[in-house]
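S.K.: Input model-v1.cif, format and content: mmCIF, N, CA and C atoms.
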```cif
data_final
loop_
_atom_site.label_atom_id
_atom_site.label_comp_id
_atom_site.auth_asym_id
_atom_site.auth_seq_id
_atom_site.Cartn_x
_atom_site.Cartn_y
_atom_site.Cartn_z
N VAL T 233 100.27 129.93 85.58
CA VAL T 233 101.53 130.66 85.65
C VAL T 233 101.96 130.70 87.11
N VAL T 234 103.21 130.32 87.37
CA VAL T 234 103.73 130.40 88.73
C VAL T 234 103.99 131.87 89.06
N ASP T 235 103.35 132.35 90.10
CA ASP T 235 103.54 133.71 90.62
C ASP T 235 104.38 133.58 91.89
N THR T 236 105.66 133.29 91.70
CA THR T 236 106.55 132.93 92.81
C THR T 236 106.58 134.00 93.89
N SER T 237 106.68 135.26 93.52
CA SER T 237 106.80 136.34 94.52
C SER T 237 105.57 136.44 95.42
N ASN T 238 104.42 135.95 94.95
CA ASN T 238 103.21 135.99 95.75
C ASN T 238 102.77 134.61 96.24
N SER T 239 103.62 133.60 96.06
CA SER T 239 103.37 132.25 96.55
C SER T 239 102.02 131.69 96.09
N ARG T 240 101.78 131.78 94.79
CA ARG T 240 100.52 131.27 94.25
C ARG T 240 100.69 130.96 92.77
N ILE T 241 99.65 130.35 92.21
CA ILE T 241 99.59 130.10 90.78
C ILE T 241 98.45 130.92 90.23
N LYS T 242 98.71 131.63 89.13
CA LYS T 242 97.66 132.40 88.46
C LYS T 242 97.10 131.54 87.33
N VAL T 243 95.79 131.44 87.27
CA VAL T 243 95.12 130.70 86.20
C VAL T 243 94.58 131.73 85.21
N LEU T 244 94.90 131.53 83.94
CA LEU T 244 94.46 132.42 82.88
C LEU T 244 93.48 131.70 81.96
N THR T 245 92.61 132.44 81.33
CA THR T 245 91.68 131.86 80.36
C THR T 245 92.43 131.59 79.06
N SER T 246 91.77 130.96 78.11
CA SER T 246 92.41 130.70 76.81
C SER T 246 92.72 131.99 76.06
N ASN T 247 92.10 133.11 76.47
CA ASN T 247 92.41 134.42 75.90
C ASN T 247 93.47 135.17 76.71
N PHE T 248 94.06 134.49 77.68
CA PHE T 248 95.09 135.03 78.56
C PHE T 248 94.58 136.10 79.51
N ASP T 249 93.28 136.07 79.81
CA ASP T 249 92.72 136.94 80.83
C ASP T 249 92.83 136.24 82.18
N PHE T 250 93.02 137.00 83.24
CA PHE T 250 93.09 136.42 84.58
C PHE T 250 91.77 135.75 84.92
N SER T 251 91.85 134.53 85.47
CA SER T 251 90.66 133.81 85.92
C SER T 251 90.61 133.76 87.45
N HIS T 252 91.64 133.15 88.07
CA HIS T 252 91.67 133.04 89.53
C HIS T 252 93.06 132.60 89.99
N HIS T 253 93.23 132.57 91.30
CA HIS T 253 94.49 132.11 91.91
C HIS T 253 94.29 130.73 92.51
N ILE T 254 95.37 129.95 92.51
CA ILE T 254 95.41 128.69 93.25
C ILE T 254 96.41 128.88 94.37
N ASN T 255 95.99 128.55 95.58
CA ASN T 255 96.87 128.62 96.75
C ASN T 255 97.00 127.23 97.35
N ASN T 256 98.18 126.97 97.92
CA ASN T 256 98.45 125.67 98.53
C ASN T 256 99.64 125.84 99.45
N GLU T 257 99.73 125.05 100.50
CA GLU T 257 100.82 125.18 101.46
C GLU T 257 102.20 124.99 100.80
N HIS T 258 102.29 124.19 99.75
CA HIS T 258 103.58 123.97 99.09
C HIS T 258 103.97 125.09 98.14
N LEU T 259 103.12 126.08 97.99
CA LEU T 259 103.45 127.26 97.20
C LEU T 259 104.02 128.38 98.07
N GLU T 260 103.93 128.20 99.38
CA GLU T 260 104.39 129.23 100.31
C GLU T 260 105.91 129.34 100.32
N GLY T 261 106.41 130.46 100.73
CA GLY T 261 107.85 130.67 100.85
C GLY T 261 108.49 131.29 99.63
N ARG T 262 107.68 131.67 98.65
CA ARG T 262 108.17 132.33 97.44
C ARG T 262 109.34 131.59 96.80
N SER T 263 109.21 130.27 96.65
CA SER T 263 110.32 129.51 96.08
C SER T 263 109.88 128.39 95.13
N VAL T 264 108.64 128.38 94.70
CA VAL T 264 108.20 127.43 93.68
C VAL T 264 108.67 127.97 92.33
N THR T 265 109.40 127.14 91.60
CA THR T 265 109.96 127.58 90.32
C THR T 265 109.44 126.80 89.13
N GLY T 266 108.77 125.68 89.37
CA GLY T 266 108.29 124.88 88.25
C GLY T 266 106.88 124.36 88.49
N VAL T 267 106.12 124.27 87.40
CA VAL T 267 104.76 123.74 87.47
C VAL T 267 104.45 123.04 86.15
N CYS T 268 103.67 121.98 86.22
CA CYS T 268 103.20 121.31 85.01
C CYS T 268 101.89 120.60 85.33
N LEU T 269 101.18 120.21 84.29
CA LEU T 269 99.96 119.43 84.47
C LEU T 269 100.33 118.00 84.83
N GLY T 270 99.52 117.38 85.68
CA GLY T 270 99.69 115.96 85.99
C GLY T 270 99.28 115.11 84.80
N THR T 271 99.50 113.82 84.89
CA THR T 271 99.24 112.94 83.74
C THR T 271 97.80 112.94 83.29
N SER T 272 96.87 113.00 84.20
CA SER T 272 95.46 112.95 83.80
C SER T 272 94.90 114.34 83.49
N LYS T 273 95.75 115.36 83.52
CA LYS T 273 95.38 116.75 83.19
C LYS T 273 94.39 117.37 84.18
N ASP T 274 94.19 116.72 85.33
CA ASP T 274 93.29 117.28 86.33
C ASP T 274 94.03 117.59 87.64
N SER T 275 95.34 117.71 87.54
CA SER T 275 96.14 118.08 88.70
C SER T 275 97.35 118.88 88.23
N LEU T 276 98.02 119.52 89.19
CA LEU T 276 99.24 120.28 88.93
C LEU T 276 100.36 119.67 89.76
N VAL T 277 101.55 119.66 89.22
CA VAL T 277 102.74 119.22 89.93
C VAL T 277 103.68 120.42 90.01
N THR T 278 104.19 120.70 91.20
CA THR T 278 105.10 121.83 91.39
C THR T 278 106.41 121.36 92.00
N VAL T 279 107.44 122.18 91.83
CA VAL T 279 108.72 121.91 92.48
C VAL T 279 109.16 123.18 93.19
N ASN T 280 109.68 123.02 94.39
CA ASN T 280 110.09 124.13 95.24
C ASN T 280 111.59 124.00 95.50
N TRP T 281 112.37 124.96 95.02
CA TRP T 281 113.83 124.85 95.16
C TRP T 281 114.31 125.03 96.59
N ARG T 282 113.58 125.78 97.39
CA ARG T 282 114.02 126.03 98.76
C ARG T 282 113.73 124.84 99.68
N THR T 283 112.52 124.30 99.60
CA THR T 283 112.15 123.17 100.47
C THR T 283 112.50 121.83 99.84
N LYS T 284 112.87 121.84 98.54
CA LYS T 284 113.20 120.62 97.80
C LYS T 284 112.03 119.65 97.77
N MET T 285 110.83 120.22 97.66
CA MET T 285 109.60 119.42 97.63
C MET T 285 109.03 119.37 96.23
N VAL T 286 108.57 118.20 95.85
CA VAL T 286 107.77 118.01 94.65
C VAL T 286 106.36 117.73 95.16
N ALA T 287 105.38 118.51 94.72
CA ALA T 287 104.03 118.38 95.25
C ALA T 287 103.01 118.29 94.13
N GLU T 288 101.98 117.48 94.36
CA GLU T 288 100.87 117.39 93.41
C GLU T 288 99.61 117.88 94.10
N MET T 289 98.84 118.69 93.37
CA MET T 289 97.60 119.23 93.93
C MET T 289 96.52 119.23 92.85
N SER T 290 95.28 119.28 93.31
CA SER T 290 94.17 119.38 92.36
C SER T 290 94.19 120.76 91.71
N LEU T 291 93.42 120.94 90.67
CA LEU T 291 93.34 122.25 90.02
C LEU T 291 92.71 123.30 90.93
N GLU T 292 92.10 122.87 92.03
CA GLU T 292 91.54 123.79 93.03
C GLU T 292 92.53 124.07 94.15
N GLY T 293 93.68 123.38 94.15
CA GLY T 293 94.69 123.60 95.18
C GLY T 293 94.70 122.61 96.31
N LYS T 294 93.84 121.58 96.26
CA LYS T 294 93.81 120.57 97.32
C LYS T 294 95.01 119.63 97.16
N GLN T 295 95.70 119.42 98.28
CA GLN T 295 96.90 118.58 98.28
C GLN T 295 96.58 117.13 97.92
N ILE T 296 97.32 116.56 96.96
CA ILE T 296 97.18 115.15 96.61
C ILE T 296 98.34 114.36 97.18
N GLY T 297 99.54 114.89 97.04
CA GLY T 297 100.73 114.21 97.56
C GLY T 297 101.94 115.10 97.44
N ALA T 298 103.00 114.75 98.16
CA ALA T 298 104.24 115.53 98.11
C ALA T 298 105.38 114.65 98.61
N PHE T 299 106.57 114.94 98.13
CA PHE T 299 107.74 114.22 98.61
C PHE T 299 108.98 115.07 98.44
N THR T 300 110.01 114.72 99.16
CA THR T 300 111.35 115.24 98.97
C THR T 300 112.26 114.04 98.87
N HIS T 301 113.50 114.25 98.50
CA HIS T 301 114.44 113.15 98.35
C HIS T 301 115.85 113.67 98.61
N LYS T 302 116.70 112.86 99.18
CA LYS T 302 118.06 113.30 99.51
C LYS T 302 118.86 113.71 98.29
N GLU T 303 118.51 113.24 97.10
CA GLU T 303 119.22 113.60 95.87
C GLU T 303 118.85 114.99 95.36
N LEU T 304 117.74 115.55 95.83
CA LEU T 304 117.32 116.88 95.38
C LEU T 304 118.20 117.95 96.04
N ILE T 305 118.89 118.73 95.21
CA ILE T 305 119.78 119.78 95.71
C ILE T 305 119.24 121.16 95.36
N GLU T 306 118.98 121.40 94.09
CA GLU T 306 118.43 122.68 93.64
C GLU T 306 117.42 122.43 92.51
N PRO T 307 116.28 121.80 92.87
CA PRO T 307 115.28 121.49 91.85
C PRO T 307 114.67 122.77 91.29
N ILE T 308 114.57 122.84 89.96
CA ILE T 308 114.17 124.09 89.33
C ILE T 308 112.93 123.94 88.44
N ALA T 309 112.71 122.74 87.89
CA ALA T 309 111.59 122.55 86.97
C ALA T 309 111.10 121.11 87.07
N VAL T 310 109.86 120.89 86.63
CA VAL T 310 109.27 119.56 86.71
C VAL T 310 108.40 119.30 85.49
N ALA T 311 108.34 118.04 85.09
CA ALA T 311 107.47 117.59 84.00
C ALA T 311 106.98 116.19 84.37
N VAL T 312 105.96 115.74 83.70
CA VAL T 312 105.44 114.38 83.93
C VAL T 312 105.57 113.60 82.62
N ASN T 313 106.16 112.40 82.70
CA ASN T 313 106.32 111.61 81.49
C ASN T 313 105.06 110.77 81.22
N PRO T 314 104.97 110.12 80.06
CA PRO T 314 103.76 109.34 79.73
C PRO T 314 103.43 108.22 80.72
N ASP T 315 104.43 107.76 81.47
CA ASP T 315 104.19 106.72 82.48
C ASP T 315 103.69 107.29 83.80
N GLY T 316 103.62 108.62 83.91
CA GLY T 316 103.17 109.25 85.14
C GLY T 316 104.28 109.54 86.13
N ASP T 317 105.53 109.33 85.73
CA ASP T 317 106.67 109.62 86.59
C ASP T 317 106.99 111.11 86.53
N PHE T 318 107.57 111.64 87.60
CA PHE T 318 107.93 113.04 87.69
C PHE T 318 109.39 113.21 87.27
N VAL T 319 109.62 114.08 86.30
CA VAL T 319 110.96 114.36 85.80
C VAL T 319 111.35 115.74 86.34
N VAL T 320 112.42 115.78 87.12
CA VAL T 320 112.83 117.02 87.79
C VAL T 320 114.19 117.46 87.27
N ALA T 321 114.26 118.70 86.78
CA ALA T 321 115.54 119.32 86.41
C ALA T 321 116.11 119.94 87.68
N ASP T 322 117.32 119.55 88.04
CA ASP T 322 117.95 120.00 89.27
C ASP T 322 119.33 120.55 88.95
N ASN T 323 119.56 121.83 89.23
CA ASN T 323 120.84 122.45 88.91
C ASN T 323 122.00 121.90 89.74
N GLY T 324 121.72 121.16 90.77
CA GLY T 324 122.78 120.57 91.58
C GLY T 324 123.22 119.21 91.10
N VAL T 325 122.35 118.48 90.39
CA VAL T 325 122.69 117.09 90.03
C VAL T 325 122.35 116.67 88.61
N GLY T 326 121.54 117.40 87.89
CA GLY T 326 121.12 116.99 86.55
C GLY T 326 119.63 116.74 86.50
N VAL T 327 119.22 115.67 85.87
CA VAL T 327 117.81 115.34 85.74
C VAL T 327 117.51 114.08 86.54
N LEU T 328 116.46 114.13 87.34
CA LEU T 328 116.06 113.00 88.18
C LEU T 328 114.65 112.58 87.80
N VAL T 329 114.41 111.27 87.75
CA VAL T 329 113.09 110.74 87.44
C VAL T 329 112.59 109.98 88.67
N PHE T 330 111.39 110.36 89.14
CA PHE T 330 110.81 109.78 90.34
C PHE T 330 109.46 109.16 90.05
N GLU T 331 109.13 108.11 90.78
CA GLU T 331 107.75 107.64 90.81
C GLU T 331 106.96 108.69 91.59
N PRO T 332 105.64 108.79 91.41
CA PRO T 332 104.85 109.79 92.14
C PRO T 332 104.98 109.69 93.67
N CYS T 333 105.36 108.51 94.18
CA CYS T 333 105.52 108.35 95.62
C CYS T 333 106.86 108.88 96.12
N GLY T 334 107.77 109.27 95.19
CA GLY T 334 109.06 109.82 95.59
C GLY T 334 110.23 108.87 95.44
N LYS T 335 110.00 107.66 94.96
CA LYS T 335 111.09 106.70 94.76
C LYS T 335 111.89 107.11 93.53
N LEU T 336 113.20 107.28 93.70
CA LEU T 336 114.07 107.65 92.59
C LEU T 336 114.21 106.47 91.63
N ILE T 337 113.92 106.71 90.37
CA ILE T 337 114.00 105.67 89.35
C ILE T 337 115.30 105.79 88.55
N ARG T 338 115.67 107.04 88.23
CA ARG T 338 116.80 107.24 87.33
C ARG T 338 117.41 108.62 87.53
N LYS T 339 118.71 108.68 87.35
CA LYS T 339 119.46 109.93 87.40
C LYS T 339 120.13 110.09 86.04
N ILE T 340 119.95 111.25 85.41
CA ILE T 340 120.48 111.48 84.07
C ILE T 340 121.44 112.66 84.10
N GLY T 341 122.66 112.44 83.65
CA GLY T 341 123.66 113.51 83.60
C GLY T 341 124.13 113.91 84.97
N LYS T 342 124.89 114.98 85.00
CA LYS T 342 125.36 115.56 86.26
C LYS T 342 125.78 116.99 86.00
N LYS T 343 126.05 117.72 87.05
CA LYS T 343 126.47 119.12 86.93
C LYS T 343 127.89 119.16 86.37
N GLY T 344 128.09 120.03 85.39
CA GLY T 344 129.42 120.17 84.82
C GLY T 344 129.36 120.80 83.44
N THR T 345 130.48 120.80 82.74
CA THR T 345 130.55 121.41 81.42
C THR T 345 130.98 120.43 80.33
N GLU T 346 131.20 119.19 80.67
CA GLU T 346 131.61 118.19 79.69
C GLU T 346 130.39 117.57 79.01
N LYS T 347 130.64 116.77 77.97
CA LYS T 347 129.56 116.09 77.25
C LYS T 347 128.74 115.25 78.23
N GLY T 348 127.42 115.38 78.15
CA GLY T 348 126.53 114.64 79.05
C GLY T 348 126.32 115.30 80.39
N GLU T 349 126.93 116.47 80.61
CA GLU T 349 126.78 117.20 81.86
C GLU T 349 125.97 118.47 81.61
N PHE T 350 125.42 119.02 82.69
CA PHE T 350 124.60 120.22 82.60
C PHE T 350 125.25 121.35 83.38
N ARG T 351 125.32 122.52 82.76
CA ARG T 351 125.85 123.69 83.46
C ARG T 351 124.75 124.37 84.25
N ASP T 352 123.69 124.80 83.56
CA ASP T 352 122.54 125.42 84.20
C ASP T 352 121.28 124.90 83.52
N LEU T 353 120.36 124.44 84.30
CA LEU T 353 119.07 123.97 83.78
C LEU T 353 118.01 125.02 84.09
N PHE T 354 117.11 125.24 83.16
CA PHE T 354 116.05 126.22 83.37
C PHE T 354 114.66 125.61 83.24
N SER T 355 114.54 124.58 82.41
CA SER T 355 113.22 123.97 82.22
C SER T 355 113.39 122.54 81.76
N VAL T 356 112.30 121.80 81.82
CA VAL T 356 112.28 120.41 81.36
C VAL T 356 110.88 120.14 80.83
N CYS T 357 110.80 119.35 79.77
CA CYS T 357 109.52 118.87 79.29
C CYS T 357 109.73 117.47 78.72
N VAL T 358 108.64 116.77 78.50
CA VAL T 358 108.71 115.40 78.02
C VAL T 358 107.78 115.26 76.82
N SER T 359 108.29 114.68 75.75
CA SER T 359 107.48 114.49 74.55
C SER T 359 106.47 113.36 74.78
N GLN T 360 105.52 113.24 73.88
CA GLN T 360 104.53 112.16 73.97
C GLN T 360 105.19 110.79 73.88
N GLN T 361 106.36 110.72 73.27
CA GLN T 361 107.11 109.46 73.16
C GLN T 361 108.00 109.20 74.37
N GLY T 362 108.02 110.14 75.32
CA GLY T 362 108.79 109.98 76.53
C GLY T 362 110.20 110.56 76.48
N GLU T 363 110.53 111.28 75.39
CA GLU T 363 111.85 111.91 75.30
C GLU T 363 111.90 113.08 76.27
N ILE T 364 112.98 113.16 77.03
CA ILE T 364 113.16 114.24 78.00
C ILE T 364 113.93 115.38 77.32
N ILE T 365 113.39 116.58 77.36
CA ILE T 365 113.97 117.74 76.69
C ILE T 365 114.30 118.77 77.76
N VAL T 366 115.60 119.15 77.82
CA VAL T 366 116.04 120.16 78.80
C VAL T 366 116.74 121.30 78.08
#
```
Just dump the structure as structure tokens.
M.R.:
Amino acid sequence: VVDTSNSRIKVLTSNFDFSHHINNEHLEGRSVTGVCLGTSKDSLVTVNWRTKMVAEMSLEGKQIGAFTHKELIEPIAVAVNPDGDFVVADNGVGVLVFEPCGKLIRKIGKKGTEKGEFRDLFSVCVSQQGEIIV
């Protein structure tokens, strides 16, 4: 669970009891709004709306990688697709798909109220078949 106000991630047991905190430099600044498991389920991917950083860390909080991109305006949520690409919901531009190194692969939709546009994005997830759900 992202504990944004305290700049950390809370880990809960399967019974929803508190287990421990994960701390990392990319969680600082009280602005991480999205978290998901990495493709191999042994890492976490976060998105920070203030720094516009997408970061991957181990389940212990050790930094694996991070990137920003000029297309990121107000990133709010992140998911990982079956190919291992990072899918970012961004309230400034729509949905962006990145390689883990930060290379932009695809831009989906745009901000607006017409068909195919997004007014406000709150979350994103990806099905096992690779369908992006916002």
S.K.: With distances taken over only N, CA and C atoms, which of T:Val279, T:Ala298, T:Ile308, T:Val233 is nearest to Gly334 of chain T?
M.R.: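 Checking each of T:Val279, T:Ala298, T:Ile308, T:Val233 against Gly334 of chain T, counting only N, CA and C atoms, the winner is T:Ala298.
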S.K.: Which polymer residues have any atom within 8 Å of an atom of Asn255 of chain T, counting only N, CA and C atoms, with same-chain residues fewer than 3 positions away left out, as a VMD selection string?
M.R.: chain T and resid 239 to 242 252 258 to 260 291 to 295
S.K.: Given the selection you just returned, output its residues as a file containing N, CA and C atoms, formatted as a CSV table (one decimal), in the coordinates of the input.
M.R.:
```
chain,number,residue,atom,x,y,z
T,239,SER,N,103.6,133.6,96.1
T,239,SER,CA,103.4,132.2,96.6
T,239,SER,C,102.0,131.7,96.1
T,240,ARG,N,101.8,131.8,94.8
T,240,ARG,CA,100.5,131.3,94.2
T,240,ARG,C,100.7,131.0,92.8
T,241,ILE,N,99.6,130.4,92.2
T,241,ILE,CA,99.6,130.1,90.8
T,241,ILE,C,98.4,130.9,90.2
T,242,LYS,N,98.7,131.6,89.1
T,242,LYS,CA,97.7,132.4,88.5
T,242,LYS,C,97.1,131.5,87.3
T,252,HIS,N,91.6,133.2,88.1
T,252,HIS,CA,91.7,133.0,89.5
T,252,HIS,C,93.1,132.6,90.0
T,258,HIS,N,102.3,124.2,99.8
T,258,HIS,CA,103.6,124.0,99.1
T,258,HIS,C,104.0,125.1,98.1
T,259,LEU,N,103.1,126.1,98.0
T,259,LEU,CA,103.4,127.3,97.2
T,259,LEU,C,104.0,128.4,98.1
T,260,GLU,N,103.9,128.2,99.4
T,260,GLU,CA,104.4,129.2,100.3
T,260,GLU,C,105.9,129.3,100.3
T,291,LEU,N,93.4,120.9,90.7
T,291,LEU,CA,93.3,122.2,90.0
T,291,LEU,C,92.7,123.3,90.9
T,292,GLU,N,92.1,122.9,92.0
T,292,GLU,CA,91.5,123.8,93.0
T,292,GLU,C,92.5,124.1,94.2
T,293,GLY,N,93.7,123.4,94.2
T,293,GLY,CA,94.7,123.6,95.2
T,293,GLY,C,94.7,122.6,96.3
T,294,LYS,N,93.8,121.6,96.3
T,294,LYS,CA,93.8,120.6,97.3
T,294,LYS,C,95.0,119.6,97.2
T,295,GLN,N,95.7,119.4,98.3
T,295,GLN,CA,96.9,118.6,98.3
T,295,GLN,C,96.6,117.1,97.9
```
S.K.: Have a look at atom CA of Gln361 of chain T and atom N of Val286 of chain T and let me know their distance in Å, one decimal.
M.R.: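 Going from atom CA of Gln361 of chain T over to atom N of Val286 of chain T, I get 24.4 Å.
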S.K.: Going by the chain IDs and residue numbers used in this file, which residues fall under the PyMOL selection byres ((chain T and resi 275) around 5)? Write them as a PyMOL selection string.
M.R.: chain T and resi 269-270+273-274+276-277+289-291
S.K.: Give me the residues near segment 301-307 of chain T as a PyMOL selection string, where near means some atom within 7 Å (using all atoms listed in the file) and where sequence neighbours in that chain fewer than 2 positions away do not count.
M.R.: chain T and resi 265-266+279-282+284-286+299+309-310+320-325+334
S.K.: So which residues of segment 241-318 of chain T fall under strand (DSSP E) by DSSP, listed as a ChimeraX atom specification?
M.R.: /T:241-244,250-254,264-269,275-280,285-290,295-299,307-312,318
S.K.: At what distance in Å, to one decimal, does atom N of Glu331 of chain T lie from atom N of Phe318 of chain T?
M.R.: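 About the pair atom N of Phe318 of chain T and atom N of Glu331 of chain T: they are 5.0 Å apart.
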S.K.: Quote the spacing between atom CA of Phe248 of chain T and atom CA of Gly316 of chain T in Å to one decimal place.
M.R.: 27.8 Å
S.K.: With a distance cut-off of 7 Å and only N, CA and C atoms, select the neighbouring residues of Asp317 of chain T, excluding the residue or stretch itself and same-chain residues fewer than 2 positions from it, and output the selection as an MDAnalysis selection string.
M.R.: chainID T and resid 311:315 319 329:332
S.K.: As a list in words, which residues of chain T does DSSP assign to helix (DSSP H, G or I)?
M.R.: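 Output for chain T, helix (DSSP H, G or I) only: Thr236, Ser237, Asn238, Glu257, His258 and Leu259 of chain T.
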S.K.: Could those selected residues go to a file with N, CA and C atoms, as an mmCIF file, in the frame of the given file?
M.R.:
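Wrote result14.cif, looks like this:
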```cif
data_model
loop_
_atom_site.group_PDB
_atom_site.id
_atom_site.type_symbol
_atom_site.label_atom_id
_atom_site.label_comp_id
_atom_site.auth_asym_id
_atom_site.auth_seq_id
_atom_site.Cartn_x
_atom_site.Cartn_y
_atom_site.Cartn_z
ATOM 1 N N THR T 236 105.660 133.290 91.700
ATOM 2 C CA THR T 236 106.550 132.930 92.810
ATOM 3 C C THR T 236 106.580 134.000 93.890
ATOM 4 N N SER T 237 106.680 135.260 93.520
ATOM 5 C CA SER T 237 106.800 136.340 94.520
ATOM 6 C C SER T 237 105.570 136.440 95.420
ATOM 7 N N ASN T 238 104.420 135.950 94.950
ATOM 8 C CA ASN T 238 103.210 135.990 95.750
ATOM 9 C C ASN T 238 102.770 134.610 96.240
ATOM 10 N N GLU T 257 99.730 125.050 100.500
ATOM 11 C CA GLU T 257 100.820 125.180 101.460
ATOM 12 C C GLU T 257 102.200 124.990 100.800
ATOM 13 N N HIS T 258 102.290 124.190 99.750
ATOM 14 C CA HIS T 258 103.580 123.970 99.090
ATOM 15 C C HIS T 258 103.970 125.090 98.140
ATOM 16 N N LEU T 259 103.120 126.080 97.990
ATOM 17 C CA LEU T 259 103.450 127.260 97.200
ATOM 18 C C LEU T 259 104.020 128.380 98.070
#
```
S.K.: Name the residues, using the chain letters and numbers of the file, that sit within 7 Å of (107.4, 126.5, 81.1) when counting only N, CA and C atoms, and give them as a list in words.
M.R.: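 Within the cut-off we find Val267, Ser355 and Val356 of chain T.
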S.K.: With distances taken over all atoms listed in the file, which residue among T:Ser263, T:Cys268, T:Ser251, T:Lys343 lies nearest Asp235 of chain T?
M.R.: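 Looking only at the distances to Asp235 of chain T, the closest residue turns out to be T:Ser263.
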